[in-house]
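S.K.: As input, take input-v3.cif (mmCIF, C-alpha atoms and all ligand atoms):
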```cif
data_structure
#
loop_
_atom_site.label_atom_id
_atom_site.label_comp_id
_atom_site.auth_asym_id
_atom_site.auth_seq_id
_atom_site.Cartn_x
_atom_site.Cartn_y
_atom_site.Cartn_z
CA MET A 79 -48.77 286.02 -30.91
CA SER A 80 -49.44 289.66 -31.80
CA ARG A 81 -52.86 290.74 -33.03
CA LYS A 82 -53.14 290.43 -36.79
CA PRO A 83 -54.98 292.80 -39.14
CA ALA A 84 -58.72 292.12 -39.26
CA LYS A 85 -60.35 289.92 -41.83
CA GLN A 86 -60.58 291.47 -45.28
CA ARG A 87 -63.48 291.22 -47.70
CA GLY A 88 -63.76 287.87 -49.39
CA GLU A 89 -61.32 286.20 -47.04
CA LYS A 90 -62.17 282.78 -45.71
CA THR A 91 -61.35 281.60 -42.19
CA VAL A 92 -59.84 278.15 -41.84
CA ALA A 93 -59.42 276.38 -38.49
CA VAL A 94 -57.50 273.16 -37.95
CA LEU A 95 -56.64 270.85 -35.06
CA ASP A 96 -53.80 268.39 -34.62
CA VAL A 97 -54.60 266.10 -31.71
CA GLY A 98 -51.39 264.23 -30.94
CA SER A 99 -50.25 261.90 -28.16
CA SER A 100 -48.37 264.67 -26.40
CA LYS A 101 -50.02 267.89 -27.51
CA VAL A 102 -53.11 269.44 -28.98
CA ALA A 103 -52.43 272.25 -31.43
CA ALA A 104 -54.99 274.59 -32.96
CA LEU A 105 -54.41 277.02 -35.79
CA ILE A 106 -56.60 279.60 -37.48
CA ALA A 107 -55.67 281.11 -40.84
CA LEU A 108 -57.19 283.46 -43.37
CA VAL A 109 -57.18 282.76 -47.07
CA GLY A 110 -57.77 285.59 -49.49
CA PRO A 111 -59.61 285.18 -52.76
CA ASP A 112 -56.49 286.09 -54.73
CA GLU A 113 -53.81 284.74 -52.41
CA ASP A 114 -52.21 281.33 -52.58
CA VAL A 115 -50.62 281.49 -49.16
CA PRO A 116 -52.83 281.24 -46.07
CA ARG A 117 -52.02 283.76 -43.34
CA VAL A 118 -51.93 282.47 -39.76
CA ILE A 119 -53.87 284.75 -37.39
CA GLY A 120 -54.09 282.55 -34.33
CA MET A 121 -52.40 279.51 -32.94
CA HIS A 122 -52.10 277.74 -29.63
CA GLN A 123 -50.81 274.42 -28.41
CA LEU A 124 -50.84 272.74 -25.04
CA ALA A 125 -49.74 269.45 -23.56
CA CYS A 126 -52.39 266.74 -23.48
CA THR A 127 -52.12 263.25 -22.07
CA GLY A 128 -55.61 262.14 -23.12
CA MET A 129 -54.34 260.34 -26.21
CA LYS A 130 -52.31 257.15 -26.03
CA SER A 131 -50.46 256.04 -29.13
CA GLY A 132 -52.67 258.24 -31.25
CA LEU A 133 -55.98 256.93 -29.82
CA VAL A 134 -58.41 258.66 -27.48
CA ALA A 135 -57.79 257.23 -24.00
CA ASP A 136 -59.41 259.93 -21.86
CA LEU A 137 -62.28 261.67 -23.59
CA ALA A 138 -62.67 264.45 -21.02
CA ALA A 139 -58.95 265.30 -21.12
CA VAL A 140 -58.93 265.49 -24.93
CA GLU A 141 -62.13 267.56 -24.98
CA SER A 142 -60.73 270.00 -22.45
CA ALA A 143 -57.39 270.35 -24.30
CA VAL A 144 -59.16 270.87 -27.63
CA ARG A 145 -61.43 273.50 -26.09
CA GLN A 146 -58.53 275.37 -24.49
CA ALA A 147 -56.33 275.21 -27.58
CA MET A 148 -59.05 276.53 -29.89
CA ASP A 149 -60.22 279.13 -27.34
CA LYS A 150 -56.73 280.59 -27.12
CA ALA A 151 -56.23 280.46 -30.88
CA GLU A 152 -59.57 282.26 -31.30
CA ARG A 153 -58.52 284.93 -28.84
CA ASN A 154 -55.22 285.40 -30.69
CA ALA A 155 -57.09 285.66 -33.96
CA GLY A 156 -60.01 287.78 -32.76
CA VAL A 157 -62.48 285.44 -34.47
CA THR A 158 -64.79 282.64 -33.40
CA VAL A 159 -64.76 279.41 -35.33
CA ARG A 160 -67.04 276.43 -35.46
CA ASP A 161 -65.84 274.29 -38.36
CA VAL A 162 -62.51 272.53 -38.08
CA ALA A 163 -60.42 270.09 -40.06
CA VAL A 164 -58.72 267.50 -37.85
CA SER A 165 -55.82 265.13 -38.35
CA VAL A 166 -56.20 261.37 -38.03
CA SER A 167 -53.02 259.67 -37.01
CA ALA A 168 -53.48 256.17 -35.68
CA GLY A 169 -56.81 254.36 -35.87
CA GLY A 170 -55.51 251.66 -38.14
CA LEU A 171 -54.73 253.88 -41.13
CA GLU A 172 -54.25 251.67 -44.15
CA SER A 173 -53.43 252.33 -47.76
CA ASP A 174 -54.81 249.94 -50.39
CA LEU A 175 -55.27 249.71 -54.11
CA ALA A 176 -58.66 248.79 -55.54
CA THR A 177 -59.17 248.30 -59.26
CA VAL A 178 -62.24 248.82 -61.40
CA GLU A 179 -62.37 247.78 -65.06
CA VAL A 180 -64.79 248.81 -67.80
CA ASP A 181 -65.31 247.64 -71.38
CA ILE A 182 -64.46 250.24 -74.03
CA GLY A 183 -64.94 248.03 -77.08
CA GLY A 184 -61.92 249.20 -79.05
CA GLN A 185 -63.08 252.83 -79.17
CA ARG A 186 -61.07 255.92 -78.24
CA ILE A 187 -61.31 256.76 -74.54
CA GLU A 188 -63.19 260.00 -73.99
CA ARG A 189 -63.68 262.24 -70.98
CA ALA A 190 -67.10 260.67 -70.41
CA ASP A 191 -65.54 257.19 -70.22
CA LEU A 192 -63.09 258.39 -67.61
CA ASP A 193 -65.83 260.08 -65.59
CA HIS A 194 -67.82 256.91 -65.75
CA VAL A 195 -65.06 254.61 -64.56
CA HIS A 196 -64.32 257.06 -61.74
CA ASP A 197 -67.99 257.16 -60.71
CA GLU A 198 -68.15 253.39 -60.76
CA ALA A 199 -65.06 253.23 -58.59
CA ARG A 200 -66.62 255.61 -56.07
CA ALA A 201 -69.86 253.67 -56.05
CA GLY A 202 -68.39 250.21 -56.11
CA ILE A 203 -65.54 250.27 -53.64
CA GLU A 204 -66.87 249.30 -50.25
CA PRO A 205 -64.51 250.04 -47.44
CA GLU A 206 -66.25 247.47 -45.22
CA GLY A 207 -66.64 249.23 -41.92
CA ARG A 208 -63.72 251.54 -42.55
CA ILE A 209 -63.83 255.23 -43.35
CA VAL A 210 -62.22 256.41 -46.56
CA LEU A 211 -60.14 259.49 -45.83
CA HIS A 212 -58.49 259.96 -49.20
CA ALA A 213 -58.73 258.32 -52.57
CA GLU A 214 -56.86 259.07 -55.77
CA PRO A 215 -56.67 257.39 -59.16
CA ALA A 216 -53.13 255.98 -59.19
CA LEU A 217 -52.83 254.24 -62.52
CA TYR A 218 -54.82 253.36 -65.63
CA THR A 219 -54.37 250.05 -67.40
CA LEU A 220 -55.43 249.42 -71.00
CA ASP A 221 -56.35 245.87 -72.01
CA GLY A 222 -55.05 244.43 -68.77
CA GLN A 223 -51.41 245.19 -69.36
CA ASN A 224 -50.55 248.58 -70.79
CA ALA A 225 -50.11 250.96 -67.81
CA VAL A 226 -50.62 254.62 -68.70
CA ILE A 227 -50.79 257.87 -66.76
CA ASN A 228 -53.37 259.50 -69.04
CA PRO A 229 -55.59 257.23 -71.12
CA LEU A 230 -57.56 260.02 -72.87
CA GLY A 231 -57.67 259.60 -76.63
CA LEU A 232 -56.18 256.11 -76.67
CA HIS A 233 -57.92 253.07 -78.12
CA ALA A 234 -58.60 250.08 -75.88
CA GLU A 235 -60.86 247.09 -75.38
CA THR A 236 -60.89 247.60 -71.61
CA LEU A 237 -59.92 250.44 -69.31
CA ALA A 238 -59.02 249.76 -65.67
CA VAL A 239 -58.35 252.35 -63.02
CA SER A 240 -56.49 251.56 -59.82
CA ILE A 241 -57.61 253.76 -56.96
CA ASN A 242 -55.24 254.42 -54.13
CA ILE A 243 -57.33 254.47 -50.97
CA LEU A 244 -56.36 255.59 -47.52
CA SER A 245 -58.85 254.44 -44.92
CA ALA A 246 -59.15 254.39 -41.15
CA GLU A 247 -60.99 252.26 -38.62
CA ARG A 248 -64.38 253.63 -37.73
CA ALA A 249 -64.39 253.52 -33.91
CA PRO A 250 -61.12 255.42 -33.20
CA MET A 251 -62.21 258.11 -35.65
CA GLN A 252 -65.63 258.38 -34.05
CA ASN A 253 -63.99 258.77 -30.64
CA LEU A 254 -61.79 261.58 -31.88
CA GLU A 255 -64.70 263.27 -33.58
CA MET A 256 -66.78 262.96 -30.42
CA ALA A 257 -64.05 264.62 -28.33
CA VAL A 258 -63.84 267.51 -30.80
CA ARG A 259 -67.63 267.84 -31.03
CA SER A 260 -67.88 267.91 -27.23
CA ALA A 261 -65.67 270.99 -27.39
CA ASP A 262 -68.42 272.64 -29.49
CA LEU A 263 -66.59 272.29 -32.77
CA ASN A 264 -67.86 270.78 -35.95
CA VAL A 265 -65.49 268.42 -37.77
CA THR A 266 -65.86 269.27 -41.44
CA SER A 267 -62.96 267.21 -42.69
CA LYS A 268 -60.67 264.51 -41.45
CA ILE A 269 -57.25 264.45 -43.01
CA ALA A 270 -54.76 261.64 -42.54
CA ALA A 271 -51.79 263.01 -40.58
CA PRO A 272 -49.14 261.66 -42.98
CA VAL A 273 -50.93 263.22 -45.96
CA ALA A 274 -51.00 266.57 -44.15
CA ALA A 275 -47.36 266.31 -43.04
CA ALA A 276 -46.30 265.45 -46.58
CA ARG A 277 -48.12 268.52 -47.90
CA ALA A 278 -46.12 270.73 -45.53
CA CYS A 279 -42.61 269.35 -45.86
CA LEU A 280 -42.09 267.22 -48.97
CA SER A 281 -41.27 268.65 -52.38
CA ALA A 282 -43.21 267.57 -55.46
CA GLN A 283 -39.97 266.18 -56.84
CA GLU A 284 -39.34 264.04 -53.77
CA LYS A 285 -42.86 262.65 -53.96
CA ALA A 286 -42.41 261.93 -57.66
CA LEU A 287 -39.04 260.20 -57.33
CA GLY A 288 -39.75 258.21 -54.17
CA VAL A 289 -39.44 259.23 -50.54
CA ALA A 290 -40.26 257.89 -47.08
CA LEU A 291 -41.72 260.35 -44.60
CA VAL A 292 -41.07 259.21 -41.04
CA ASP A 293 -43.09 261.12 -38.43
CA LEU A 294 -41.42 260.65 -35.06
CA GLY A 295 -44.30 261.53 -32.75
CA ALA A 296 -44.62 261.11 -29.00
CA GLY A 297 -46.56 257.85 -28.98
CA ARG A 298 -46.26 256.68 -32.57
CA THR A 299 -43.90 256.62 -35.47
CA ASN A 300 -45.76 256.85 -38.76
CA ILE A 301 -44.09 255.84 -42.01
CA ALA A 302 -45.57 256.97 -45.32
CA ILE A 303 -44.05 256.08 -48.67
CA PHE A 304 -44.58 258.31 -51.69
CA ALA A 305 -43.84 257.53 -55.34
CA GLN A 306 -45.08 259.05 -58.59
CA GLY A 307 -46.69 261.81 -56.56
CA LEU A 308 -48.92 259.44 -54.56
CA MET A 309 -48.84 257.93 -51.12
CA VAL A 310 -48.31 254.26 -51.92
CA GLY A 311 -47.69 252.75 -48.52
CA PHE A 312 -48.25 253.39 -44.86
CA SER A 313 -47.19 251.72 -41.65
CA SER A 314 -47.39 252.77 -38.02
CA ILE A 315 -45.24 251.71 -35.08
CA ALA A 316 -46.57 252.16 -31.54
CA MET A 317 -43.30 253.65 -30.30
CA GLY A 318 -42.08 257.22 -30.21
CA GLY A 319 -40.42 260.02 -28.27
CA GLU A 320 -42.25 259.13 -25.06
CA ASP A 321 -40.47 255.76 -25.02
CA VAL A 322 -37.15 257.53 -25.40
CA THR A 323 -38.06 259.76 -22.46
CA GLN A 324 -39.11 256.79 -20.31
CA ASP A 325 -35.82 255.02 -21.03
CA VAL A 326 -33.88 258.15 -20.08
CA ALA A 327 -35.91 258.44 -16.86
CA SER A 328 -35.16 254.83 -15.93
CA ALA A 329 -31.50 254.94 -16.89
CA LEU A 330 -30.77 258.16 -15.01
CA GLY A 331 -33.20 257.62 -12.12
CA THR A 332 -35.03 260.89 -12.76
CA PRO A 333 -38.73 261.82 -13.15
CA PRO A 334 -40.16 261.77 -16.72
CA TYR A 335 -40.58 265.58 -16.83
CA ALA A 336 -36.85 265.97 -16.07
CA ALA A 337 -35.92 263.24 -18.54
CA GLU A 338 -37.94 265.08 -21.21
CA ARG A 339 -36.02 268.31 -20.58
CA LEU A 340 -32.65 266.58 -20.47
CA LYS A 341 -33.41 264.79 -23.74
CA ALA A 342 -34.38 268.02 -25.52
CA LEU A 343 -31.68 270.26 -24.05
CA LYS A 344 -28.68 267.95 -23.58
CA GLY A 345 -29.60 264.85 -25.51
CA SER A 346 -28.24 263.67 -28.83
CA ALA A 347 -28.51 260.73 -31.18
CA SER A 348 -24.79 260.94 -31.94
CA ALA A 349 -22.24 259.89 -29.35
CA VAL A 350 -18.90 261.75 -29.21
CA PRO A 351 -15.92 260.98 -26.93
CA ARG A 352 -16.30 264.17 -24.91
CA ASP A 353 -19.71 262.94 -23.67
CA ASN A 354 -17.73 260.88 -21.13
CA HIS A 355 -16.20 264.01 -19.60
CA GLU A 356 -19.17 266.36 -19.75
CA ARG A 357 -21.36 266.18 -16.63
CA ILE A 358 -25.07 266.95 -16.58
CA ASP A 359 -27.27 267.89 -13.61
CA VAL A 360 -29.94 265.28 -13.05
CA PRO A 361 -32.91 265.87 -10.66
CA GLY A 362 -33.35 262.92 -8.28
CA LEU A 363 -36.45 260.78 -7.90
CA GLN A 364 -36.91 261.71 -4.26
CA GLY A 365 -38.18 265.18 -5.27
CA GLY A 366 -37.11 268.50 -3.76
CA ASP A 367 -34.14 270.28 -5.25
CA SER A 368 -31.80 267.33 -5.14
CA LEU A 369 -29.53 267.22 -8.18
CA TYR A 370 -26.80 264.80 -8.91
CA GLN A 371 -24.27 264.75 -11.69
CA ARG A 372 -23.92 262.07 -14.36
CA PRO A 373 -21.75 261.86 -17.45
CA ARG A 374 -23.65 263.06 -20.52
CA ALA A 375 -22.64 259.75 -22.13
CA GLU A 376 -25.27 257.99 -19.96
CA LEU A 377 -28.01 260.20 -21.36
CA VAL A 378 -26.84 259.67 -24.95
CA HIS A 379 -26.51 255.92 -24.35
CA ALA A 380 -30.11 255.66 -23.09
CA ILE A 381 -31.42 257.67 -26.07
CA ARG A 382 -29.47 255.60 -28.57
CA GLY A 383 -30.58 252.34 -27.00
CA ARG A 384 -34.21 253.13 -27.76
CA LEU A 385 -33.44 254.68 -31.16
CA ASP A 386 -31.60 251.50 -32.18
CA VAL A 387 -34.77 249.50 -31.48
CA LEU A 388 -37.03 252.04 -33.20
CA PHE A 389 -34.89 252.47 -36.31
CA ALA A 390 -34.45 248.71 -36.70
CA LEU A 391 -38.27 248.52 -36.80
CA ILE A 392 -38.43 251.41 -39.28
CA ASP A 393 -35.94 249.61 -41.54
CA GLU A 394 -38.03 246.42 -41.31
CA ARG A 395 -41.15 248.35 -42.28
CA PHE A 396 -39.31 249.89 -45.25
CA GLU A 397 -38.63 246.34 -46.48
CA GLU A 398 -42.24 245.26 -45.92
CA LEU A 399 -43.53 248.31 -47.77
CA GLY A 400 -41.14 247.67 -50.65
CA PHE A 401 -39.19 250.85 -50.01
CA VAL A 402 -35.94 249.32 -51.25
CA GLY A 403 -33.69 249.77 -54.26
CA PRO A 404 -32.57 252.81 -56.23
CA ARG A 405 -35.92 254.64 -55.89
CA ALA A 406 -35.78 254.32 -52.11
CA ARG A 407 -32.91 256.63 -51.33
CA GLN A 408 -34.56 259.61 -49.64
CA VAL A 409 -35.96 259.75 -46.12
CA VAL A 410 -37.49 262.83 -44.48
CA LEU A 411 -37.89 262.92 -40.70
CA ALA A 412 -40.83 264.87 -39.24
CA GLY A 413 -42.57 265.12 -35.87
CA GLY A 414 -41.18 266.41 -32.59
CA GLY A 415 -38.67 263.56 -32.42
CA ALA A 416 -36.92 264.96 -35.49
CA ALA A 417 -35.80 267.91 -33.32
CA LEU A 418 -33.39 265.66 -31.42
CA ALA A 419 -29.79 266.77 -31.98
CA GLY A 420 -27.87 264.56 -34.40
CA ILE A 421 -30.89 262.50 -35.48
CA ALA A 422 -30.41 262.99 -39.24
CA ASP A 423 -26.80 261.77 -39.16
CA TYR A 424 -27.76 258.89 -36.90
CA ALA A 425 -30.63 257.86 -39.20
CA GLU A 426 -28.39 258.06 -42.30
CA GLY A 427 -25.94 255.67 -40.67
CA ILE A 428 -28.61 253.15 -39.64
CA LEU A 429 -30.86 253.31 -42.70
CA GLY A 430 -28.12 253.77 -45.32
CA ARG A 431 -30.16 256.41 -47.12
CA ASN A 432 -30.15 260.20 -47.47
CA VAL A 433 -31.95 261.73 -44.52
CA ARG A 434 -33.11 265.30 -44.04
CA ILE A 435 -35.31 266.96 -41.43
CA GLY A 436 -38.65 268.15 -42.78
CA ALA A 437 -39.64 271.64 -41.67
CA PRO A 438 -43.07 273.00 -42.55
CA SER A 439 -43.51 275.68 -45.20
CA GLY A 440 -46.36 277.25 -47.10
CA LEU A 441 -48.00 279.52 -44.50
CA THR A 442 -47.24 283.13 -43.65
CA GLY A 443 -47.48 284.62 -40.18
CA PHE A 444 -46.45 281.40 -38.48
CA PRO A 445 -44.35 282.26 -35.43
CA GLU A 446 -40.74 281.30 -36.11
CA GLN A 447 -40.40 278.97 -33.15
CA GLN A 448 -43.38 277.03 -34.45
CA GLN A 449 -41.74 276.28 -37.77
CA ALA A 450 -40.41 273.10 -36.27
CA SER A 451 -40.81 269.54 -37.44
CA ALA A 452 -43.58 268.96 -34.83
CA PHE A 453 -45.85 271.37 -36.77
CA ASN A 454 -45.79 269.70 -40.16
CA VAL A 455 -49.18 268.07 -39.62
CA LEU A 456 -50.76 271.30 -38.38
CA THR A 457 -49.34 273.27 -41.32
CA GLY A 458 -50.40 270.66 -43.86
CA LEU A 459 -53.91 270.63 -42.41
CA ALA A 460 -54.17 274.40 -42.84
CA LEU A 461 -52.86 274.23 -46.42
CA MET A 462 -55.25 271.46 -47.41
CA ALA A 463 -58.25 272.98 -45.64
CA SER A 464 -57.54 276.29 -47.44
CA GLU A 465 -57.56 274.72 -50.85
CA ASP A 466 -61.17 273.71 -50.90
CA GLN A 467 -60.43 271.01 -53.42
CA PRO A 468 -62.74 268.09 -52.83
CA ASP A 469 -60.98 264.78 -52.60
CA PHE A 470 -61.56 262.31 -55.43
CA TRP A 471 -63.82 260.40 -53.06
CA GLN A 472 -66.16 263.37 -52.58
CA GLN A 473 -66.28 264.40 -56.24
CA LYS A 474 -69.28 263.25 -58.18
CA THR A 475 -69.47 263.82 -61.88
CA THR A 476 -72.87 264.48 -63.29
CA THR A 477 -71.62 264.87 -66.82
CA PHE A 478 -71.67 261.23 -67.78
CA VAL A 479 -73.82 260.48 -70.77
CA PRO A 480 -72.96 257.19 -72.44
CA ALA A 481 -71.60 258.17 -75.83
CA GLU A 482 -73.66 256.59 -78.56
CA GLY A 483 -71.99 253.60 -80.08
CA SER A 484 -69.04 253.94 -77.76
CA GLY A 485 -69.28 250.25 -77.08
CA LEU A 486 -69.55 250.63 -73.33
CA SER A 487 -71.11 247.38 -72.33
CA ARG A 488 -71.72 248.24 -68.67
CA MET A 489 -69.82 245.20 -67.62
CA TRP A 490 -67.94 246.36 -64.65
CA ARG A 491 -65.49 244.11 -63.02
CA LEU A 492 -64.64 245.12 -59.52
CA LEU A 493 -61.46 243.69 -58.24
CA LYS A 494 -61.09 244.57 -54.64
CA GLN A 495 -57.86 243.89 -52.94
CA ASN A 496 -57.52 243.91 -49.20
CA ILE A 497 -60.45 246.16 -48.56
N1 LIG B 501 -35.70 268.97 -29.06
C1 LIG B 501 -36.20 267.73 -28.96
N2 LIG B 501 -35.37 266.67 -28.83
C2 LIG B 501 -35.85 265.43 -28.71
N3 LIG B 501 -37.14 265.10 -28.72
C3 LIG B 501 -38.01 266.11 -28.86
C4 LIG B 501 -37.60 267.47 -28.98
N4 LIG B 501 -38.71 268.24 -29.10
C5 LIG B 501 -39.77 267.39 -29.05
N5 LIG B 501 -39.36 266.13 -28.89
C6 LIG B 501 -40.18 264.92 -28.72
O1 LIG B 501 -41.15 264.88 -29.71
C7 LIG B 501 -42.32 264.20 -29.22
C8 LIG B 501 -43.54 265.00 -29.59
O2 LIG B 501 -43.63 265.05 -30.96
P1 LIG B 501 -44.97 265.47 -31.69
O3 LIG B 501 -45.40 266.79 -31.19
O4 LIG B 501 -44.73 265.31 -33.13
O5 LIG B 501 -45.93 264.31 -31.14
P2 LIG B 501 -47.50 264.23 -31.13
O6 LIG B 501 -48.01 264.71 -32.43
O7 LIG B 501 -48.04 264.85 -29.89
O8 LIG B 501 -47.69 262.65 -30.95
P3 LIG B 501 -48.17 261.53 -31.99
O9 LIG B 501 -47.90 262.04 -33.36
O10 LIG B 501 -47.34 260.34 -31.61
O11 LIG B 501 -49.61 261.32 -31.69
C9 LIG B 501 -42.15 264.08 -27.71
O12 LIG B 501 -41.90 262.73 -27.35
C10 LIG B 501 -40.95 264.97 -27.43
O13 LIG B 501 -40.15 264.43 -26.39
MG MG B 502 -48.28 263.83 -34.32
#
```
Show how you would write the structure in this file as structure tokens.
Ligand SMILES: Nc1ncnc2c1ncn2[C@@H]1O[C@H](COP(=O)(O)OP(=O)(O)OP(=O)(O)O)[C@@H](O)[C@H]1O
Ligand SMILES: [Mg+2]

M.R.:
Amino acid sequence: MSRKPAKQRGEKTVAVLDVGSSKVAALIALVGPDEDVPRVIGMHQLACTGMKSGLVADLAAVESAVRQAMDKAERNAGVTVRDVAVSVSAGGLESDLATVEVDIGGQRIERADLDHVHDEARAGIEPEGRIVLHAEPALYTLDGQNAVINPLGLHAETLAVSINILSAERAPMQNLEMAVRSADLNVTSKIAAPVAAARACLSAQEKALGVALVDLGAGRTNIAIFAQGLMVGFSSIAMGGEDVTQDVASALGTPPYAAERLKALKGSASAVPRDNHERIDVPGLQGGDSLYQRPRAELVHAIRGRLDVLFALIDERFEELGFVGPRARQVVLAGGGAALAGIADYAEGILGRNVRIGAPSGLTGFPEQQQASAFNVLTGLALMASEDQPDFWQQKTTTFVPAEGSGLSRMWRLLKQNI
């Protein structure tokens, strides 16, 4: 990457890390006081095998990859960073709804009532050993039945707020944080990978109408469902591009590195008759320069065999997450696996829904070759880290003063579901 103009007055430096099962990617961007679009000034990615299925498996390998990735990004950028935002991908991510109800006593709901019910939600929801990554008020309910988007100014006996919570298991997150800290970086925020990817490649309209974001990573396939602008469901499958590569290696009798290249350069998810006639050069397992020729159809067959298994699982998860019916028509594929030729058409056929490939947008100065589906998480991290908007979970209101005679009876009912 070419050297970018130096930091201007008032600009803030943002550094982010995506630690995936196949790669570690670091990005540094500048955000101006009057600019909406962060400007990338440094980026580097390198292969890393220290993560397995999104979990730290080799601490030293992850630490070293993180150090190298950020070092190179820093050199590109001409700055030194210490604080980073990191993505959290596996680690038992779960999305849940928790509901808190307060008594309003037939009065009109005021800002102070809303602040109060939000504060109670923050104080009262115990994630029980899990770490809350994101939380958002999803829905308000008046008198136990009347669902409203904005309750301000309405009369009610009770006001309930349902908080959409995305949490992760503690230990896998601590391991990731430890690896990053060992590389002399300070983790200032942890952002769920699907939330970051969605920020980079889904439109507001898609998220409002209903969409499934399927991140086809190396070791995992993450499915996130969005509706009414919120992430309402999440599921993760411990299968990804690496499994496709392994199947290709076995089927063609070639080393994994060669299978990976063949998959990316000659592979496809769509079979066509001429695949039977086209021959591809396949390196042998015995090493050296030995090459033998196989019909391309064998490569495509091996890829499709694994995709059939993976997409059947994805379809099952859609059902389990309730992503069915007329509001469940749109699917967006992200992650490196979405770069496979013919994958969108293949997925449309199997899933019976509209499928598009999600490419990241929202940053300037991002090298063109990096604007691929594998960089949605990295891009989303940079966008979210630039915004400086504290998550609902971190916000504390200090404005609450119980309005006199408002009828607030301080009887909170905490209904916790699944958390
Ligand atoms: N052109 C391509 N065709 C097919 N597969 C590809 C292509 N480019 C990348 N991939 C696959 O994408 C996967 C890597 O994707 P990605 O970078 O999103 O994963 P990751 O973030 O490292 O892993 P994870 O999200 O599972 O932790 C690899 O398995 C790789 O083989
Ligand atoms: Mg990933």

S.K.: Taking into account all atoms listed in the file, which residue in the set A:Ala452, A:Ile227, A:Ala163, A:Val92 is nearest to ligand MG 502 (chain B)?

M.R.: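 Of all the options, A:Ala452 lies closest to ligand MG 502 (chain B).
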
S.K.: Counting all atoms listed in the file, name the residues that have an atom within 8 Å of an atom of ligand MG 502 (chain B); the answer should be given as an mmCIF file with C-alpha atoms, in the coordinates of the input.

M.R.:
```cif
data_model
loop_
_atom_site.group_PDB
_atom_site.id
_atom_site.type_symbol
_atom_site.label_atom_id
_atom_site.label_comp_id
_atom_site.auth_asym_id
_atom_site.auth_seq_id
_atom_site.Cartn_x
_atom_site.Cartn_y
_atom_site.Cartn_z
ATOM 1 C CA ASP A 96 -53.800 268.390 -34.620
ATOM 2 C CA VAL A 97 -54.600 266.100 -31.710
ATOM 3 C CA GLY A 98 -51.390 264.230 -30.940
ATOM 4 C CA SER A 99 -50.250 261.900 -28.160
ATOM 5 C CA SER A 100 -48.370 264.670 -26.400
ATOM 6 C CA GLY A 132 -52.670 258.240 -31.250
ATOM 7 C CA SER A 167 -53.020 259.670 -37.010
ATOM 8 C CA ALA A 271 -51.790 263.010 -40.580
ATOM 9 C CA ASP A 293 -43.090 261.120 -38.430
ATOM 10 C CA LEU A 294 -41.420 260.650 -35.060
ATOM 11 C CA GLY A 295 -44.300 261.530 -32.750
ATOM 12 C CA ALA A 296 -44.620 261.110 -29.000
ATOM 13 C CA ARG A 298 -46.260 256.680 -32.570
ATOM 14 C CA GLY A 413 -42.570 265.120 -35.870
ATOM 15 C CA GLY A 414 -41.180 266.410 -32.590
ATOM 16 C CA ALA A 452 -43.580 268.960 -34.830
ATOM 17 C CA VAL A 455 -49.180 268.070 -39.620
#
```

S.K.: Separation of CA of Asp197 in chain A and CA of Ala238 in chain A, in Å?

M.R.: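 Answer for the CA of Asp197 in chain A to CA of Ala238 in chain A separation: 12.6 Å.
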
S.K.: For a quick check of understanding, using only C-alpha atoms, which of A:Arg407, A:Arg186, A:Arg395, A:Arg277 has the smallest distance to Asn300 in chain A?

M.R.: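 When distances to Asn300 in chain A are compared using only C-alpha atoms, the smallest one comes from A:Arg395.
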
S.K.: To one decimal in Å, tell me the separation between atom O9 of ligand LIG 501 (chain B) and CA of Ala147 in chain A.

M.R.: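 Separation between atom O9 of ligand LIG 501 (chain B) and CA of Ala147 in chain A: 16.7 Å.
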
S.K.: So the first atom is CA of Pro229 in chain A and the second is CA of Ile241 in chain A; what is the distance between them in Å, to one decimal place?

M.R.: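 These atoms are spaced 14.7 Å apart.
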
S.K.: With 6 Å of padding per side, what axis-aligned box (centre and edge lengths, Å, one decimal) covers all the listed atoms of ligand LIG 501 (chain B)? Give it as JSON.

M.R.:
```
{"center_x": -42.5, "center_y": 264.7, "center_z": -29.9, "size_x": 26.2, "size_y": 20.6, "size_z": 19.0}
```

S.K.: If we count only C-alpha atoms and set the cut-off at 8 Å, which residues sit around range 245-256 of chain A, ignoring sequence neighbours fewer than 6 positions away in its own chain? Please answer as JSON, numbers by chain.

M.R.: {"A": [133, 134, 137, 166, 169, 170, 171, 172, 173, 205, 207, 208, 209, 210, 211, 212, 265]}

S.K.: Taking (-70.0, 275.7, -37.2) in the file's coordinates, which residues come within 7 Å, counting all atoms listed in the file, written as a list in words?

M.R.: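 Output: Val159, Arg160, Asp161, Leu263 and Asn264 of chain A.
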
S.K.: Looking at only C-alpha atoms, which of A:Gly458, A:Gly88, A:Asp386, A:Val239 is the one that sits closest to Pro111 in chain A?

M.R.: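 Among the listed residues, the smallest separation from Pro111 in chain A belongs to A:Gly88.
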
S.K.: With only C-alpha atoms counted, which protein, DNA or RNA residues have an atom no more than 10 Å from (-34.5, 262.7, -37.2) in the file frame? Please answer as an MDAnalysis selection string.

M.R.: chainID A and resid 292:294 347 409:426 433:436 451

S.K.: Ranking A:Thr323, A:Thr158, A:Asn242, A:Gln467 by minimum distance to ligand LIG 501 (chain B) and counting all atoms listed in the file, which one comes first?

M.R.: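 Ranked by minimum distance to ligand LIG 501 (chain B), first place goes to A:Thr323.
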
S.K.: Have a look at A:Ser328, A:Thr91, A:Ser260, A:Ser346 and name the one nearest to ligand LIG 501 (chain B); count only C-alpha atoms and all ligand atoms.

M.R.: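 Closest to ligand LIG 501 (chain B), using only C-alpha atoms and all ligand atoms: A:Ser346.
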
S.K.: Find the residue from A:Thr442, A:Asn454, A:Gln371, A:Asn154 that sits nearest to ligand LIG 501 (chain B); use only C-alpha atoms and all ligand atoms when measuring.

M.R.: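 Between A:Thr442, A:Asn454, A:Gln371, A:Asn154, the residue approaching ligand LIG 501 (chain B) most closely is A:Asn454.
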